[in-house]
$ cat protein-v4.cif   # mmCIF, C-alpha atoms
data_structure
loop_
_atom_site.group_PDB
_atom_site.id
_atom_site.type_symbol
_atom_site.label_atom_id
_atom_site.label_comp_id
_atom_site.auth_asym_id
_atom_site.auth_seq_id
_atom_site.Cartn_x
_atom_site.Cartn_y
_atom_site.Cartn_z
ATOM 1 C CA MET E 18 0.000 0.000 0.000
ATOM 2 C CA ARG E 19 2.815 2.408 0.858
ATOM 3 C CA GLN E 20 4.467 1.853 -2.540
ATOM 4 C CA PHE E 21 1.132 2.605 -4.231
ATOM 5 C CA LEU E 22 0.857 5.896 -2.343
ATOM 6 C CA ARG E 23 4.379 6.864 -3.458
ATOM 7 C CA LEU E 24 3.336 6.349 -7.086
ATOM 8 C CA LEU E 25 0.071 8.280 -6.714
ATOM 9 C CA PRO E 26 1.457 11.740 -7.683
ATOM 10 C CA ALA E 27 2.992 10.276 -10.871
ATOM 11 C CA ALA E 28 -0.236 8.426 -11.696
ATOM 12 C CA LEU E 29 -2.263 11.626 -11.280
ATOM 13 C CA ILE E 30 0.115 13.574 -13.522
ATOM 14 C CA MET E 31 -0.086 10.793 -16.100
ATOM 15 C CA ALA E 32 -3.900 10.875 -16.027
ATOM 16 C CA VAL E 33 -4.001 14.674 -16.429
ATOM 17 C CA SER E 34 -1.474 14.470 -19.266
ATOM 18 C CA CYS E 35 -3.556 11.851 -21.068
ATOM 19 C CA TYR E 36 -6.698 13.949 -20.603
ATOM 20 C CA LEU E 37 -5.030 17.104 -21.938
ATOM 21 C CA SER E 38 -3.606 15.185 -24.912
ATOM 22 C CA SER E 39 -7.145 14.122 -25.810
ATOM 23 C CA MET E 40 -8.351 17.710 -26.092
ATOM 24 C CA PRO E 41 -8.210 19.405 -29.522
ATOM 25 C CA THR E 42 -6.712 22.550 -27.952
ATOM 26 C CA VAL E 43 -5.530 23.614 -24.535
ATOM 27 C CA LYS E 44 -6.885 27.089 -23.927
ATOM 28 C CA VAL E 45 -4.592 28.107 -21.065
ATOM 29 C CA MET E 46 -1.138 28.201 -22.661
ATOM 30 C CA PRO E 47 1.553 30.866 -22.582
ATOM 31 C CA SER E 48 1.800 32.740 -25.868
ATOM 32 C CA PHE E 49 5.533 33.430 -26.219
ATOM 33 C CA TRP E 50 7.723 31.719 -28.821
ATOM 34 C CA SER E 51 8.229 27.986 -28.099
ATOM 35 C CA ALA E 52 6.111 28.203 -24.966
ATOM 36 C CA ASP E 53 4.790 24.718 -25.623
ATOM 37 C CA LYS E 54 8.338 23.307 -25.404
ATOM 38 C CA LEU E 55 8.844 24.963 -22.023
ATOM 39 C CA VAL E 56 5.511 23.529 -20.864
ATOM 40 C CA HIS E 57 6.659 20.073 -21.999
ATOM 41 C CA VAL E 58 9.996 20.399 -20.169
ATOM 42 C CA VAL E 59 8.361 21.529 -16.926
ATOM 43 C CA CYS E 60 5.456 19.063 -16.973
ATOM 44 C CA PHE E 61 7.541 16.045 -17.892
ATOM 45 C CA GLY E 62 10.246 17.127 -15.457
ATOM 46 C CA VAL E 63 7.743 17.159 -12.620
ATOM 47 C CA PHE E 64 6.351 13.841 -13.873
ATOM 48 C CA ALA E 65 9.842 12.251 -13.900
ATOM 49 C CA PHE E 66 10.567 13.636 -10.439
ATOM 50 C CA TRP E 67 7.513 11.874 -9.032
ATOM 51 C CA VAL E 68 8.184 8.687 -11.015
ATOM 52 C CA ALA E 69 11.688 8.692 -9.523
ATOM 53 C CA PHE E 70 10.200 9.232 -6.071
ATOM 54 C CA GLY E 71 7.754 6.361 -6.539
ATOM 55 C CA CYS E 72 10.360 3.971 -7.940
ATOM 56 C CA CYS E 73 13.246 4.960 -5.695
ATOM 57 C CA SER E 74 12.824 2.225 -3.116
ATOM 58 C CA PRO E 75 12.477 -0.721 -5.564
ATOM 59 C CA VAL E 76 15.263 0.544 -7.862
ATOM 60 C CA SER E 77 17.505 1.174 -4.866
ATOM 61 C CA ARG E 78 16.849 -2.355 -3.584
ATOM 62 C CA HIS E 79 17.359 -4.145 -6.915
ATOM 63 C CA CYS E 80 20.276 -2.095 -8.229
ATOM 64 C CA GLY E 81 22.154 -1.545 -5.008
ATOM 65 C CA GLY E 82 21.376 2.171 -5.100
ATOM 66 C CA ARG E 83 23.568 2.836 -8.135
ATOM 67 C CA ARG E 84 23.219 6.454 -9.216
ATOM 68 C CA LEU E 85 22.930 5.645 -12.911
ATOM 69 C CA TRP E 86 19.842 3.468 -12.463
ATOM 70 C CA LEU E 87 18.263 5.771 -9.899
ATOM 71 C CA TRP E 88 18.459 8.470 -12.586
ATOM 72 C CA LEU E 89 17.981 6.433 -15.769
ATOM 73 C CA ALA E 90 14.993 4.227 -14.875
ATOM 74 C CA PRO E 91 12.560 7.165 -14.477
ATOM 75 C CA VAL E 92 14.026 8.942 -17.531
ATOM 76 C CA LEU E 93 13.412 5.895 -19.728
ATOM 77 C CA PHE E 94 9.893 5.360 -18.402
ATOM 78 C CA VAL E 95 8.905 9.000 -18.910
ATOM 79 C CA ALA E 96 10.563 9.163 -22.350
ATOM 80 C CA VAL E 97 8.593 6.113 -23.505
ATOM 81 C CA TYR E 98 5.415 7.611 -22.064
ATOM 82 C CA GLY E 99 6.207 10.898 -23.856
ATOM 83 C CA ALA E 100 6.577 9.041 -27.165
ATOM 84 C CA THR E 101 3.232 7.271 -26.687
ATOM 85 C CA ASP E 102 1.659 10.589 -25.688
ATOM 86 C CA GLU E 103 2.897 12.206 -28.898
ATOM 87 C CA LEU E 104 1.609 9.245 -30.920
ATOM 88 C CA HIS E 105 -1.739 9.535 -29.128
ATOM 89 C CA GLN E 106 -1.935 13.218 -30.080
ATOM 90 C CA SER E 107 -1.585 12.317 -33.754
ATOM 91 C CA PHE E 108 -5.025 10.688 -33.534
ATOM 92 C CA THR E 109 -6.601 13.696 -31.788
ATOM 93 C CA PRO E 110 -8.291 16.203 -34.132
ATOM 94 C CA GLY E 111 -6.456 19.541 -34.061
ATOM 95 C CA ARG E 112 -3.279 18.032 -32.545
ATOM 96 C CA SER E 113 -0.131 16.624 -34.096
ATOM 97 C CA CYS E 114 2.766 14.371 -33.237
ATOM 98 C CA SER E 115 5.994 16.338 -32.792
ATOM 99 C CA PHE E 116 9.524 14.995 -32.479
ATOM 100 C CA TYR E 117 10.581 18.290 -30.871
ATOM 101 C CA ASP E 118 7.863 17.999 -28.232
ATOM 102 C CA TRP E 119 9.200 14.529 -27.443
ATOM 103 C CA CYS E 120 12.733 15.963 -27.198
ATOM 104 C CA ALA E 121 11.409 18.520 -24.708
ATOM 105 C CA ASP E 122 9.726 15.662 -22.798
ATOM 106 C CA PHE E 123 13.051 13.821 -22.675
ATOM 107 C CA VAL E 124 14.968 16.878 -21.461
ATOM 108 C CA GLY E 125 12.354 17.486 -18.777
ATOM 109 C CA ALA E 126 12.530 13.841 -17.712
ATOM 110 C CA ALA E 127 16.319 13.970 -17.438
ATOM 111 C CA VAL E 128 16.219 17.152 -15.348
ATOM 112 C CA GLY E 129 13.357 16.009 -13.098
ATOM 113 C CA SER E 130 15.002 12.675 -12.395
ATOM 114 C CA TYR E 131 18.312 14.416 -11.722
ATOM 115 C CA VAL E 132 16.716 16.769 -9.185
ATOM 116 C CA HIS E 133 15.340 13.743 -7.358
ATOM 117 C CA LEU E 134 18.754 12.049 -7.425
ATOM 118 C CA TRP E 135 20.375 15.241 -6.172
ATOM 119 C CA LEU E 136 17.973 15.293 -3.220
ATOM 120 C CA LEU E 137 18.721 11.621 -2.495
ATOM 121 C CA THR E 138 22.465 12.136 -2.482
ATOM 122 C CA SER E 139 22.513 15.447 -0.643
ATOM 123 C CA ARG E 140 24.458 15.254 2.608
ATOM 124 C CA HIS E 141 22.439 18.017 4.218
ATOM 125 C CA ALA E 142 19.426 17.589 6.455
ATOM 126 C CA VAL E 143 17.120 17.943 3.437
ATOM 127 C CA GLY E 144 18.808 14.936 1.827
ATOM 128 C CA ARG E 145 18.415 12.782 4.943
ATOM 129 C CA TRP E 146 14.773 13.808 5.208
ATOM 130 C CA TRP E 147 14.151 13.102 1.496
ATOM 131 C CA ARG E 148 15.846 9.667 1.659
ATOM 132 C CA GLY E 149 13.580 8.739 4.543
ATOM 133 C CA LEU E 150 10.496 10.016 2.720
ATOM 134 C CA ALA E 151 11.448 8.242 -0.514
ATOM 135 C CA GLY E 152 12.210 4.981 1.277
ATOM 136 C CA ALA E 153 15.693 4.798 -0.225
ATOM 137 C CA SER E 154 18.383 2.712 1.351
ATOM 138 C CA PRO E 155 20.945 4.669 3.384
ATOM 139 C CA GLY E 156 23.539 4.075 0.640
ATOM 140 C CA ALA E 157 21.294 5.358 -2.158
ATOM 141 C CA GLY E 158 23.346 7.027 -4.788
ATOM 142 C CA ALA E 159 26.615 5.516 -3.639
#

$ encode --input "protein-v4.cif" --output "structure tokens"
Amino acid sequence: MRQFLRLLPAALIMAVSCYLSSMPTVKVMPSFWSADKLVHVVCFGVFAFWVAFGCCSPVSRHCGGRRLWLWLAPVLFVAVYGATDELHQSFTPGRSCSFYDWCADFVGAAVGSYVHLWLLTSRHAVGRWWRGLAGASPGAGA
């Protein structure tokens, strides 16, 4: 049950993303040049952060807390989801599939997962608190 609760923020973000991708247009969007790419980076970064949070304990257990996998596993998951999201948009009237949107998704995923890893490996009180909250092993990120 506890693992399910850790994945809940990521699942909610995924559901909202799927809902928004099904809409022909999103009315509340910034209007500056390439604003949609920034929205992709931020949204998928937050999504990857919460995927990393939800998967931290199992990945830490199975991979011995190796930094590469603590970072890479959420990035890969979110990148694959981003690709399926872009494909899904190609079937939505008024929307299109964009390689550059997927690139922005990937960049956001890499940054979001890195922020989570940075929190896990921080030696300050925030890092200790975050490791306890995430359920990571004491050697996470070693």

$ atom_distance --input "protein-v4.cif" --atom1 "atom CA of Tyr131 of chain E" --atom2 "atom CA of Ser115 of chain E"
24.5 Å

$ closest_atom_pairs --input "protein-v4.cif" --of "segment 88-122 of chain E" --to "segment 63-67 of chain E" --cutoff "9 Å" --atoms "all atoms listed in the file" --output "tab-separated table"
residue	atom	partner	partner_atom	distance
E:Pro91	CA	E:Ala65	CA	5.8
E:Val92	CA	E:Ala65	CA	6.5
E:Phe94	CA	E:Ala65	CA	8.2
E:Val95	CA	E:Ala65	CA	6.0

$ resolve_selection --input "protein-v4.cif" --expression "the PyMOL selection byres ((chain E and resi 25) around 12)" --output "ChimeraX atom specification"
/E:18-24,26-32,64,67-72

$ closest_residue --input "protein-v4.cif" --among "E:Gly144, E:Gly99, E:Gly62, E:Pro41" --to "Phe116 of chain E" --atoms "all atoms listed in the file"
E:Gly99

$ closest_residue --input "protein-v4.cif" --among "E:Leu89, E:Met40, E:Ala52, E:Gln106" --to "Leu134 of chain E" --atoms "all atoms listed in the file"
E:Leu89

$ closest_residue --input "protein-v4.cif" --among "E:Val59, E:Cys73, E:Val33, E:Val43" --to "Trp86 of chain E" --atoms "only C-alpha atoms"
E:Cys73
